[in-house]
$ cat entry.cif   # mmCIF, C-alpha atoms and all ligand atoms
data_upload
loop_
_atom_site.group_PDB
_atom_site.id
_atom_site.type_symbol
_atom_site.label_atom_id
_atom_site.label_comp_id
_atom_site.auth_asym_id
_atom_site.auth_seq_id
_atom_site.Cartn_x
_atom_site.Cartn_y
_atom_site.Cartn_z
ATOM 1 C CA MET A 1 62.700 -100.375 -81.873
ATOM 2 C CA ALA A 2 66.299 -99.268 -81.913
ATOM 3 C CA PHE A 3 69.020 -100.146 -79.457
ATOM 4 C CA VAL A 4 69.505 -96.923 -77.494
ATOM 5 C CA ILE A 5 73.194 -96.072 -77.118
ATOM 6 C CA ASP A 6 73.590 -94.829 -73.551
ATOM 7 C CA GLY A 7 76.192 -92.062 -73.616
ATOM 8 C CA LYS A 8 75.697 -91.323 -69.947
ATOM 9 C CA LYS A 9 76.582 -94.880 -68.962
ATOM 10 C CA ILE A 10 79.512 -95.194 -71.404
ATOM 11 C CA SER A 11 80.969 -91.816 -70.406
ATOM 12 C CA ALA A 12 80.674 -92.797 -66.721
ATOM 13 C CA GLN A 13 82.596 -96.031 -67.447
ATOM 14 C CA ILE A 14 85.335 -94.080 -69.234
ATOM 15 C CA LYS A 15 85.589 -91.570 -66.388
ATOM 16 C CA ASP A 16 85.882 -94.385 -63.859
ATOM 17 C CA GLU A 17 88.641 -96.047 -65.912
ATOM 18 C CA LEU A 18 90.445 -92.688 -66.035
ATOM 19 C CA LYS A 19 89.997 -92.191 -62.292
ATOM 20 C CA ASP A 20 91.870 -95.462 -61.724
ATOM 21 C CA LYS A 21 94.658 -94.456 -64.119
ATOM 22 C CA VAL A 22 95.005 -91.065 -62.453
ATOM 23 C CA SER A 23 95.267 -92.619 -59.015
ATOM 24 C CA THR A 24 98.006 -94.989 -60.278
ATOM 25 C CA LEU A 25 99.867 -92.008 -61.748
ATOM 26 C CA LYS A 26 99.439 -90.138 -58.463
ATOM 27 C CA ALA A 27 100.915 -93.084 -56.571
ATOM 28 C CA ASP A 28 103.940 -92.728 -58.883
ATOM 29 C CA GLY A 29 104.189 -89.079 -57.881
ATOM 30 C CA LYS A 30 102.577 -87.620 -61.005
ATOM 31 C CA GLU A 31 99.713 -85.156 -60.721
ATOM 32 C CA ILE A 32 97.883 -84.365 -63.960
ATOM 33 C CA CYS A 33 96.973 -80.739 -64.428
ATOM 34 C CA LEU A 34 94.638 -79.033 -66.918
ATOM 35 C CA ALA A 35 94.584 -75.250 -67.361
ATOM 36 C CA VAL A 36 91.132 -73.995 -68.376
ATOM 37 C CA ILE A 37 90.929 -70.439 -69.682
ATOM 38 C CA GLN A 38 87.679 -68.549 -70.145
ATOM 39 C CA VAL A 39 87.681 -65.036 -71.558
ATOM 40 C CA GLY A 40 84.545 -63.037 -70.719
ATOM 41 C CA ASN A 41 81.358 -64.470 -69.213
ATOM 42 C CA ASP A 42 79.329 -66.019 -71.969
ATOM 43 C CA PRO A 43 76.753 -67.971 -69.909
ATOM 44 C CA ALA A 44 76.933 -71.136 -72.046
ATOM 45 C CA SER A 45 80.748 -71.123 -71.789
ATOM 46 C CA THR A 46 80.506 -70.729 -68.013
ATOM 47 C CA VAL A 47 78.322 -73.857 -67.852
ATOM 48 C CA TYR A 48 80.709 -75.846 -70.111
ATOM 49 C CA VAL A 49 83.784 -74.723 -68.181
ATOM 50 C CA GLY A 50 82.067 -75.572 -64.881
ATOM 51 C CA ASN A 51 81.305 -79.081 -66.164
ATOM 52 C CA LYS A 52 84.925 -79.555 -67.262
ATOM 53 C CA LYS A 53 86.186 -78.496 -63.836
ATOM 54 C CA LYS A 54 83.733 -80.872 -62.140
ATOM 55 C CA ALA A 55 84.898 -83.774 -64.323
ATOM 56 C CA CYS A 56 88.530 -82.980 -63.419
ATOM 57 C CA GLU A 57 87.635 -83.033 -59.750
ATOM 58 C CA TYR A 58 85.848 -86.393 -60.080
ATOM 59 C CA ILE A 59 88.760 -88.028 -61.877
ATOM 60 C CA GLY A 60 91.461 -86.480 -59.728
ATOM 61 C CA ILE A 61 92.935 -84.102 -62.283
ATOM 62 C CA LYS A 62 94.056 -80.747 -60.927
ATOM 63 C CA SER A 63 92.398 -77.874 -62.773
ATOM 64 C CA LEU A 64 93.781 -74.351 -62.946
ATOM 65 C CA ALA A 65 91.045 -71.852 -63.719
ATOM 66 C CA TYR A 66 91.809 -68.615 -65.561
ATOM 67 C CA GLU A 67 88.814 -66.304 -65.693
ATOM 68 C CA LEU A 68 89.871 -63.352 -67.807
ATOM 69 C CA PRO A 69 87.894 -60.160 -68.443
ATOM 70 C CA GLU A 70 85.965 -59.654 -71.695
ATOM 71 C CA GLU A 71 88.396 -56.907 -72.811
ATOM 72 C CA THR A 72 91.508 -59.139 -72.581
ATOM 73 C CA THR A 73 93.736 -58.585 -75.633
ATOM 74 C CA GLU A 74 95.082 -61.302 -77.899
ATOM 75 C CA GLN A 75 98.628 -60.483 -76.708
ATOM 76 C CA GLU A 76 97.624 -60.856 -73.063
ATOM 77 C CA LEU A 77 95.971 -64.206 -73.720
ATOM 78 C CA ILE A 78 98.924 -65.482 -75.758
ATOM 79 C CA ALA A 79 101.303 -64.405 -72.969
ATOM 80 C CA ILE A 80 99.356 -66.630 -70.529
ATOM 81 C CA ILE A 81 99.358 -69.530 -73.001
ATOM 82 C CA ASP A 82 103.126 -69.134 -73.501
ATOM 83 C CA LYS A 83 103.670 -69.312 -69.753
ATOM 84 C CA LEU A 84 101.510 -72.442 -69.492
ATOM 85 C CA ASN A 85 103.286 -74.016 -72.497
ATOM 86 C CA ALA A 86 106.589 -73.600 -70.647
ATOM 87 C CA ASP A 87 105.268 -74.899 -67.311
ATOM 88 C CA ASP A 88 106.100 -78.615 -66.949
ATOM 89 C CA SER A 89 103.515 -79.060 -64.206
ATOM 90 C CA VAL A 90 100.720 -78.217 -66.685
ATOM 91 C CA HIS A 91 99.796 -81.057 -69.076
ATOM 92 C CA GLY A 92 96.767 -79.698 -70.917
ATOM 93 C CA ILE A 93 95.646 -76.213 -71.971
ATOM 94 C CA LEU A 94 92.092 -75.435 -72.988
ATOM 95 C CA VAL A 95 90.809 -72.034 -74.088
ATOM 96 C CA GLN A 96 87.024 -72.130 -74.085
ATOM 97 C CA LEU A 97 85.599 -70.967 -77.422
ATOM 98 C CA PRO A 98 84.215 -68.642 -78.616
ATOM 99 C CA VAL A 99 86.633 -65.892 -77.567
ATOM 100 C CA PRO A 100 85.645 -62.176 -77.725
ATOM 101 C CA LYS A 101 85.895 -60.592 -81.154
ATOM 102 C CA GLN A 102 89.162 -58.662 -80.561
ATOM 103 C CA ILE A 103 90.909 -62.053 -80.279
ATOM 104 C CA ASN A 104 91.610 -64.163 -83.359
ATOM 105 C CA GLU A 105 90.560 -67.729 -82.566
ATOM 106 C CA ASP A 106 93.049 -69.263 -85.019
ATOM 107 C CA HIS A 107 95.954 -67.414 -83.400
ATOM 108 C CA ILE A 108 94.919 -68.790 -80.008
ATOM 109 C CA ILE A 109 94.539 -72.362 -81.244
ATOM 110 C CA GLN A 110 97.992 -72.141 -82.836
ATOM 111 C CA ALA A 111 99.582 -70.649 -79.710
ATOM 112 C CA ILE A 112 98.845 -73.773 -77.652
ATOM 113 C CA SER A 113 101.648 -76.344 -77.795
ATOM 114 C CA PRO A 114 100.469 -79.444 -79.722
ATOM 115 C CA LYS A 115 101.782 -81.464 -76.734
ATOM 116 C CA LYS A 116 99.174 -79.766 -74.510
ATOM 117 C CA ASP A 117 96.422 -79.406 -77.120
ATOM 118 C CA VAL A 118 93.815 -81.528 -75.324
ATOM 119 C CA ASP A 119 91.030 -80.101 -77.522
ATOM 120 C CA GLY A 120 92.795 -81.462 -80.618
ATOM 121 C CA PHE A 121 92.213 -78.197 -82.504
ATOM 122 C CA HIS A 122 95.831 -77.284 -83.380
ATOM 123 C CA PRO A 123 96.700 -77.671 -87.098
ATOM 124 C CA ALA A 124 99.484 -80.083 -86.080
ATOM 125 C CA SER A 125 96.938 -82.290 -84.254
ATOM 126 C CA VAL A 126 94.517 -82.156 -87.192
ATOM 127 C CA GLY A 127 97.353 -82.933 -89.637
ATOM 128 C CA ALA A 128 98.581 -85.852 -87.511
ATOM 129 C CA LEU A 129 95.087 -87.343 -87.523
ATOM 130 C CA SER A 130 94.826 -87.056 -91.287
ATOM 131 C CA ILE A 131 98.106 -88.903 -91.899
ATOM 132 C CA GLY A 132 97.634 -91.502 -89.170
ATOM 133 C CA GLN A 133 100.221 -90.154 -86.742
ATOM 134 C CA LYS A 134 99.901 -89.746 -82.993
ATOM 135 C CA GLY A 135 98.250 -86.597 -81.746
ATOM 136 C CA PHE A 136 95.250 -85.367 -79.830
ATOM 137 C CA VAL A 137 91.872 -85.919 -81.442
ATOM 138 C CA SER A 138 88.926 -83.543 -81.182
ATOM 139 C CA CYS A 139 86.809 -84.756 -78.263
ATOM 140 C CA THR A 140 83.300 -85.022 -79.740
ATOM 141 C CA PRO A 141 84.228 -87.201 -82.738
ATOM 142 C CA ALA A 142 86.564 -89.269 -80.545
ATOM 143 C CA GLY A 143 83.571 -89.772 -78.240
ATOM 144 C CA VAL A 144 81.405 -90.960 -81.134
ATOM 145 C CA ILE A 145 83.992 -93.627 -81.992
ATOM 146 C CA GLN A 146 83.950 -94.800 -78.364
ATOM 147 C CA LEU A 147 80.134 -94.969 -78.397
ATOM 148 C CA LEU A 148 80.256 -97.182 -81.494
ATOM 149 C CA LYS A 149 83.079 -99.409 -80.256
ATOM 150 C CA ARG A 150 81.690 -99.877 -76.774
ATOM 151 C CA SER A 151 78.275 -100.716 -78.266
ATOM 152 C CA ASN A 152 79.927 -103.363 -80.496
ATOM 153 C CA ILE A 153 78.911 -101.571 -83.693
ATOM 154 C CA GLU A 154 81.431 -102.454 -86.356
ATOM 155 C CA ILE A 155 82.773 -99.616 -88.520
ATOM 156 C CA GLU A 156 85.093 -101.555 -90.835
ATOM 157 C CA GLY A 157 83.664 -101.870 -94.340
ATOM 158 C CA LYS A 158 80.502 -99.956 -93.419
ATOM 159 C CA GLU A 159 78.964 -97.103 -95.412
ATOM 160 C CA CYS A 160 79.406 -94.116 -93.100
ATOM 161 C CA VAL A 161 77.727 -90.819 -93.939
ATOM 162 C CA VAL A 162 78.700 -87.709 -91.977
ATOM 163 C CA ILE A 163 76.418 -84.681 -92.316
ATOM 164 C CA GLY A 164 78.427 -81.551 -91.488
ATOM 165 C CA ARG A 165 81.999 -80.544 -92.283
ATOM 166 C CA SER A 166 83.034 -78.391 -89.324
ATOM 167 C CA ASN A 167 86.650 -78.415 -88.168
ATOM 168 C CA ILE A 168 85.590 -79.592 -84.711
ATOM 169 C CA VAL A 169 83.168 -82.391 -85.642
ATOM 170 C CA GLY A 170 82.535 -83.244 -89.306
ATOM 171 C CA LYS A 171 86.095 -83.266 -90.658
ATOM 172 C CA PRO A 172 87.791 -85.111 -87.761
ATOM 173 C CA MET A 173 84.783 -87.464 -87.586
ATOM 174 C CA SER A 174 85.309 -88.506 -91.184
ATOM 175 C CA MET A 175 89.070 -88.982 -90.650
ATOM 176 C CA LEU A 176 88.420 -91.162 -87.584
ATOM 177 C CA LEU A 177 85.855 -93.322 -89.380
ATOM 178 C CA LEU A 178 88.325 -93.700 -92.243
ATOM 179 C CA ARG A 179 91.012 -94.749 -89.749
ATOM 180 C CA GLU A 180 88.576 -97.475 -88.619
ATOM 181 C CA ASN A 181 88.257 -98.627 -92.257
ATOM 182 C CA GLY A 182 84.774 -97.292 -92.899
ATOM 183 C CA THR A 183 83.749 -96.035 -96.347
ATOM 184 C CA ILE A 184 83.059 -92.350 -95.815
ATOM 185 C CA THR A 185 80.831 -89.758 -97.459
ATOM 186 C CA VAL A 186 80.792 -86.214 -96.076
ATOM 187 C CA CYS A 187 77.660 -84.153 -96.766
ATOM 188 C CA HIS A 188 77.192 -80.402 -96.328
ATOM 189 C CA SER A 189 74.903 -77.537 -97.274
ATOM 190 C CA LYS A 190 75.743 -77.865 -100.996
ATOM 191 C CA THR A 191 75.209 -81.635 -101.174
ATOM 192 C CA LYS A 192 72.681 -82.663 -103.805
ATOM 193 C CA ASN A 193 70.165 -85.422 -103.002
ATOM 194 C CA LEU A 194 71.008 -85.381 -99.296
ATOM 195 C CA LYS A 195 68.190 -87.791 -98.514
ATOM 196 C CA GLU A 196 69.371 -90.395 -101.037
ATOM 197 C CA VAL A 197 72.963 -90.156 -99.803
ATOM 198 C CA CYS A 198 71.883 -90.513 -96.146
ATOM 199 C CA LYS A 199 69.740 -93.533 -97.009
ATOM 200 C CA ARG A 200 72.870 -95.379 -98.135
ATOM 201 C CA ALA A 201 74.379 -95.125 -94.649
ATOM 202 C CA ASP A 202 74.912 -98.069 -92.336
ATOM 203 C CA ILE A 203 76.207 -95.468 -89.876
ATOM 204 C CA LEU A 204 74.754 -91.965 -90.130
ATOM 205 C CA ILE A 205 76.457 -89.221 -88.117
ATOM 206 C CA VAL A 206 74.384 -86.062 -87.937
ATOM 207 C CA ALA A 207 76.091 -82.755 -87.078
ATOM 208 C CA ILE A 208 74.155 -80.170 -89.054
ATOM 209 C CA GLY A 209 73.024 -77.812 -86.306
ATOM 210 C CA ARG A 210 69.321 -77.841 -87.298
ATOM 211 C CA PRO A 211 66.791 -79.059 -84.734
ATOM 212 C CA ARG A 212 65.080 -82.370 -85.640
ATOM 213 C CA MET A 213 65.926 -82.036 -89.355
ATOM 214 C CA ILE A 214 66.683 -85.701 -89.993
ATOM 215 C CA ASP A 215 63.520 -87.786 -89.907
ATOM 216 C CA ALA A 216 62.909 -91.422 -90.875
ATOM 217 C CA SER A 217 62.833 -90.537 -94.592
ATOM 218 C CA TYR A 218 66.645 -90.006 -94.434
ATOM 219 C CA VAL A 219 67.419 -93.292 -92.697
ATOM 220 C CA LYS A 220 67.913 -96.834 -93.994
ATOM 221 C CA PRO A 221 66.021 -99.311 -91.779
ATOM 222 C CA GLY A 222 68.443 -100.874 -89.310
ATOM 223 C CA ALA A 223 71.053 -98.094 -89.612
ATOM 224 C CA THR A 224 72.984 -96.701 -86.641
ATOM 225 C CA VAL A 225 72.131 -93.029 -86.155
ATOM 226 C CA ILE A 226 74.407 -90.785 -84.097
ATOM 227 C CA ASP A 227 73.042 -87.349 -83.241
ATOM 228 C CA VAL A 228 75.671 -84.716 -82.455
ATOM 229 C CA GLY A 229 73.219 -81.789 -82.343
ATOM 230 C CA ILE A 230 71.900 -80.131 -79.230
ATOM 231 C CA HIS A 231 69.195 -77.482 -79.227
ATOM 232 C CA ARG A 232 66.322 -76.192 -77.154
ATOM 233 C CA ASP A 233 63.006 -76.458 -78.953
ATOM 234 C CA GLU A 234 60.080 -74.053 -78.770
ATOM 235 C CA ASN A 235 59.005 -75.670 -75.468
ATOM 236 C CA ASN A 236 62.530 -75.263 -74.022
ATOM 237 C CA LYS A 237 63.033 -79.029 -74.291
ATOM 238 C CA LEU A 238 66.453 -80.369 -75.358
ATOM 239 C CA CYS A 239 66.526 -81.989 -78.786
ATOM 240 C CA GLY A 240 69.069 -82.975 -81.413
ATOM 241 C CA ASP A 241 69.456 -82.695 -85.189
ATOM 242 C CA VAL A 242 67.554 -85.981 -85.490
ATOM 243 C CA ASP A 243 63.790 -86.291 -85.122
ATOM 244 C CA TYR A 244 64.100 -89.054 -82.525
ATOM 245 C CA ALA A 245 60.406 -89.976 -82.424
ATOM 246 C CA SER A 246 60.379 -90.543 -86.173
ATOM 247 C CA VAL A 247 63.776 -92.300 -86.507
ATOM 248 C CA GLU A 248 63.903 -94.518 -83.404
ATOM 249 C CA PRO A 249 61.281 -97.027 -84.632
ATOM 250 C CA ILE A 250 63.243 -97.842 -87.806
ATOM 251 C CA ALA A 251 66.905 -97.408 -86.725
ATOM 252 C CA GLY A 252 69.034 -100.317 -85.563
ATOM 253 C CA ALA A 253 70.734 -98.159 -82.932
ATOM 254 C CA ILE A 254 70.395 -94.496 -82.004
ATOM 255 C CA THR A 255 71.806 -91.943 -79.567
ATOM 256 C CA PRO A 256 69.302 -89.912 -77.557
ATOM 257 C CA VAL A 257 69.581 -86.178 -76.844
ATOM 258 C CA PRO A 258 70.335 -85.538 -74.055
ATOM 259 C CA GLY A 259 72.369 -88.504 -72.842
ATOM 260 C CA GLY A 260 73.993 -89.598 -76.102
ATOM 261 C CA VAL A 261 77.013 -87.860 -77.620
ATOM 262 C CA GLY A 262 76.976 -84.886 -75.188
ATOM 263 C CA PRO A 263 78.452 -86.576 -72.102
ATOM 264 C CA MET A 264 81.161 -88.209 -74.231
ATOM 265 C CA THR A 265 82.851 -84.915 -75.141
ATOM 266 C CA ILE A 266 83.997 -84.217 -71.587
ATOM 267 C CA ALA A 267 84.940 -87.875 -71.013
ATOM 268 C CA MET A 268 87.233 -87.716 -74.064
ATOM 269 C CA LEU A 269 88.669 -84.378 -72.941
ATOM 270 C CA MET A 270 89.575 -86.055 -69.658
ATOM 271 C CA ASN A 271 91.069 -88.956 -71.625
ATOM 272 C CA ASN A 272 93.228 -86.517 -73.604
ATOM 273 C CA CYS A 273 94.394 -84.876 -70.370
ATOM 274 C CA VAL A 274 95.409 -88.226 -68.913
ATOM 275 C CA GLU A 275 97.267 -89.069 -72.145
ATOM 276 C CA ALA A 276 98.990 -85.671 -72.063
ATOM 277 C CA GLY A 277 100.093 -86.305 -68.484
ATOM 278 C CA ALA A 278 101.026 -89.951 -68.880
ATOM 279 C CA VAL A 279 103.762 -89.357 -71.484
ATOM 280 C CA GLU A 280 107.442 -88.967 -70.429
HETATM 281 N N1 LIG A 301 83.297 -74.396 -77.157
HETATM 282 C C1 LIG A 301 82.328 -75.280 -77.478
HETATM 283 N N2 LIG A 301 82.842 -76.542 -77.494
HETATM 284 C C2 LIG A 301 84.144 -76.424 -77.183
HETATM 285 C C3 LIG A 301 85.200 -77.373 -77.027
HETATM 286 O O1 LIG A 301 85.041 -78.586 -77.217
HETATM 287 N N3 LIG A 301 86.410 -76.861 -76.686
HETATM 288 C C4 LIG A 301 86.614 -75.533 -76.495
HETATM 289 N N4 LIG A 301 87.850 -75.134 -76.177
HETATM 290 N N5 LIG A 301 85.663 -74.630 -76.631
HETATM 291 C C5 LIG A 301 84.438 -75.085 -76.970
#
$ encode --input "entry.cif" --output "structure tokens"
Amino acid sequence: MAFVIDGKKISAQIKDELKDKVSTLKADGKEICLAVIQVGNDPASTVYVGNKKKACEYIGIKSLAYELPEETTEQELIAIIDKLNADDSVHGILVQLPVPKQINEDHIIQAISPKKDVDGFHPASVGALSIGQKGFVSCTPAGVIQLLKRSNIEIEGKECVVIGRSNIVGKPMSMLLLRENGTITVCHSKTKNLKEVCKRADILIVAIGRPRMIDASYVKPGATVIDVGIHRDENNKLCGDVDYASVEPIAGAITPVPGGVGPMTIAMLMNNCVEAGAVE
């Protein structure tokens, strides 16, 4: 029986801590403001953006919503970002991804000022993380670190295996674990003997994007297993990259899906917004 890491509870604690900070800042005359830009009406993006706006409202962050038509050009979007970059009353800028195909995602990420890059996607933010300098950190991996720390799971000196090397999760996840003095292995689609490598892990972070792929045969008994995946199975039920029913009996600690890593992403986005606004 594993200890179940409750992402809902931990994210709620973080949001309440942020709410207090925001009200102190407000009392000092500072209102934190996040600009959220959505181009087109991808239904999943609409849900994510709605959740981000709701979290802002709960914490007391002002959110500016930009809902742009599907046919918006890259130049038009960059012009809006430029205006927001120059606006001192705006502390964070978030462009919901994916953007329509006429817009180059990299150009958009690079157009956002690193000072307002609350997603932590700008090359300057990624570079700062890799050399241990201050900068915004991608929200999902930052949330995983909070889950571990707030569950008193030590990272220092531990064998950490990250499955997945995406720019948003796998790569920053490995840099963050390294910053916490873990010993890191990053696995990907070309990794040989994936099972054997995973079985070495004291902390196994799974971000592969394949429903229920990681079963107990990949997990060392007593290991901490963090599931970053989220899918709908054939019965329309939410599930992760980890086969929870198989892994939970042998893991030391595990995150459920839903209610594990998912709620942490928005909590850490809110944390980045508060940090962006609290400087000066
Ligand atoms: N699309 C899916 N996840 C994210 C995210 O964390 N940030 C942004 N900007 N877009 C996303």
$ closest_atom_pairs --input "entry.cif" --of "region 42-87 of chain A" --to "region 28-38 of chain A" --cutoff "10 Å" --atoms "all atoms listed in the file" --output "tab-separated table"
residue	atom	partner	partner_atom	distance
A:Asp42	CA	A:Gln38	CA	8.9
A:Ser45	CA	A:Gln38	CA	7.6
A:Thr46	CA	A:Gln38	CA	7.8
A:Val49	CA	A:Val36	CA	7.4
A:Gly50	CA	A:Val36	CA	9.8
A:Lys52	CA	A:Val36	CA	8.4
A:Lys53	CA	A:Val36	CA	8.1
A:Cys56	CA	A:Leu34	CA	8.1
A:Gly60	CA	A:Ile32	CA	8.0
A:Ile61	CA	A:Ile32	CA	5.2
A:Lys62	CA	A:Cys33	CA	4.6
A:Ser63	CA	A:Leu34	CA	4.9
A:Leu64	CA	A:Ala35	CA	4.6
A:Ala65	CA	A:Val36	CA	5.1
A:Tyr66	CA	A:Ile37	CA	4.6
A:Glu67	CA	A:Gln38	CA	5.1
A:Leu68	CA	A:Gln38	CA	6.1
A:Pro69	CA	A:Gln38	CA	8.6
A:Glu70	CA	A:Gln38	CA	9.2
A:Leu77	CA	A:Ile37	CA	9.0
A:Ile80	CA	A:Ile37	CA	9.3
A:Ile81	CA	A:Ile37	CA	9.1
A:Leu84	CA	A:Ala35	CA	7.8
$ atom_distance --input "entry.cif" --atom1 "CA of Ser151 (chain A)" --atom2 "CA of Val261 (chain A)"
12.9 Å
$ residues_around --input "entry.cif" --residues "Val225 (chain A)" --least-positions-apart "5" --cutoff "9 Å" --atoms "only C-alpha atoms" --output "ChimeraX atom specification"
/A:202-206,219,242,247-248,251-255
$ closest_residue --input "entry.cif" --among "A:Glu196, A:Asp233, A:Asp119, A:Asp241" --to "Ile208 (chain A)" --atoms "all atoms listed in the file"
A:Asp241
$ resolve_selection --input "entry.cif" --expression "the PyMOL selection byres (((not hetatm)) within 9 of (chain A and resi 301))" --output "VMD selection string"
chain A and resid 36 to 38 44 to 45 48 to 49 93 to 99 109 118 to 121 138 to 140 168 265 to 266 269
$ resolve_selection --input "entry.cif" --expression "the PyMOL selection byres (((chain A and resi 127) around 12) and not hetatm)" --output "PyMOL selection string"
chain A and resi 114+120-126+128-138+167+171-172+175
$ resolve_selection --input "entry.cif" --expression "the PyMOL selection byres (((chain A and resi 10-12) around 10) and not hetatm)" --output "VMD selection string"
chain A and resid 5 to 9 13 to 18 143 146 to 147 150 to 151 259 to 268
$ atom_distance --input "entry.cif" --atom1 "CA of Met270 (chain A)" --atom2 "CA of Ser113 (chain A)"
17.5 Å
$ residues_around --input "entry.cif" --residues "Val197 (chain A)" --least-positions-apart "3" --cutoff "12 Å" --atoms "only C-alpha atoms" --output "list in words"
Glu159, Cys160, Val161, Val162, Ile163, Ile184, Thr185, Val186, Cys187, His188, Thr191, Lys192, Asn193, Leu194, Arg200, Ala201, Asp202, Ile203, Leu204, Ser217, Tyr218, Val219 and Lys220 of chain A
$ closest_residue --input "entry.cif" --among "A:Pro211, A:Gly182, A:Pro249, A:Pro141" --to "Arg165 (chain A)" --atoms "all atoms listed in the file"
A:Pro141
$ atom_distance --input "entry.cif" --atom1 "CA of Asn152 (chain A)" --atom2 "CA of Val4 (chain A)"
12.6 Å
$ closest_residue --input "entry.cif" --among "A:Ile59, A:His91, A:Gly209, A:Lys54" --to "Thr24 (chain A)" --atoms "only C-alpha atoms"
A:Ile59
$ closest_residue --input "entry.cif" --among "A:Ala278, A:Ile226, A:Val90, A:Ile214" --to "Val144 (chain A)" --atoms "all atoms listed in the file"
A:Ile226
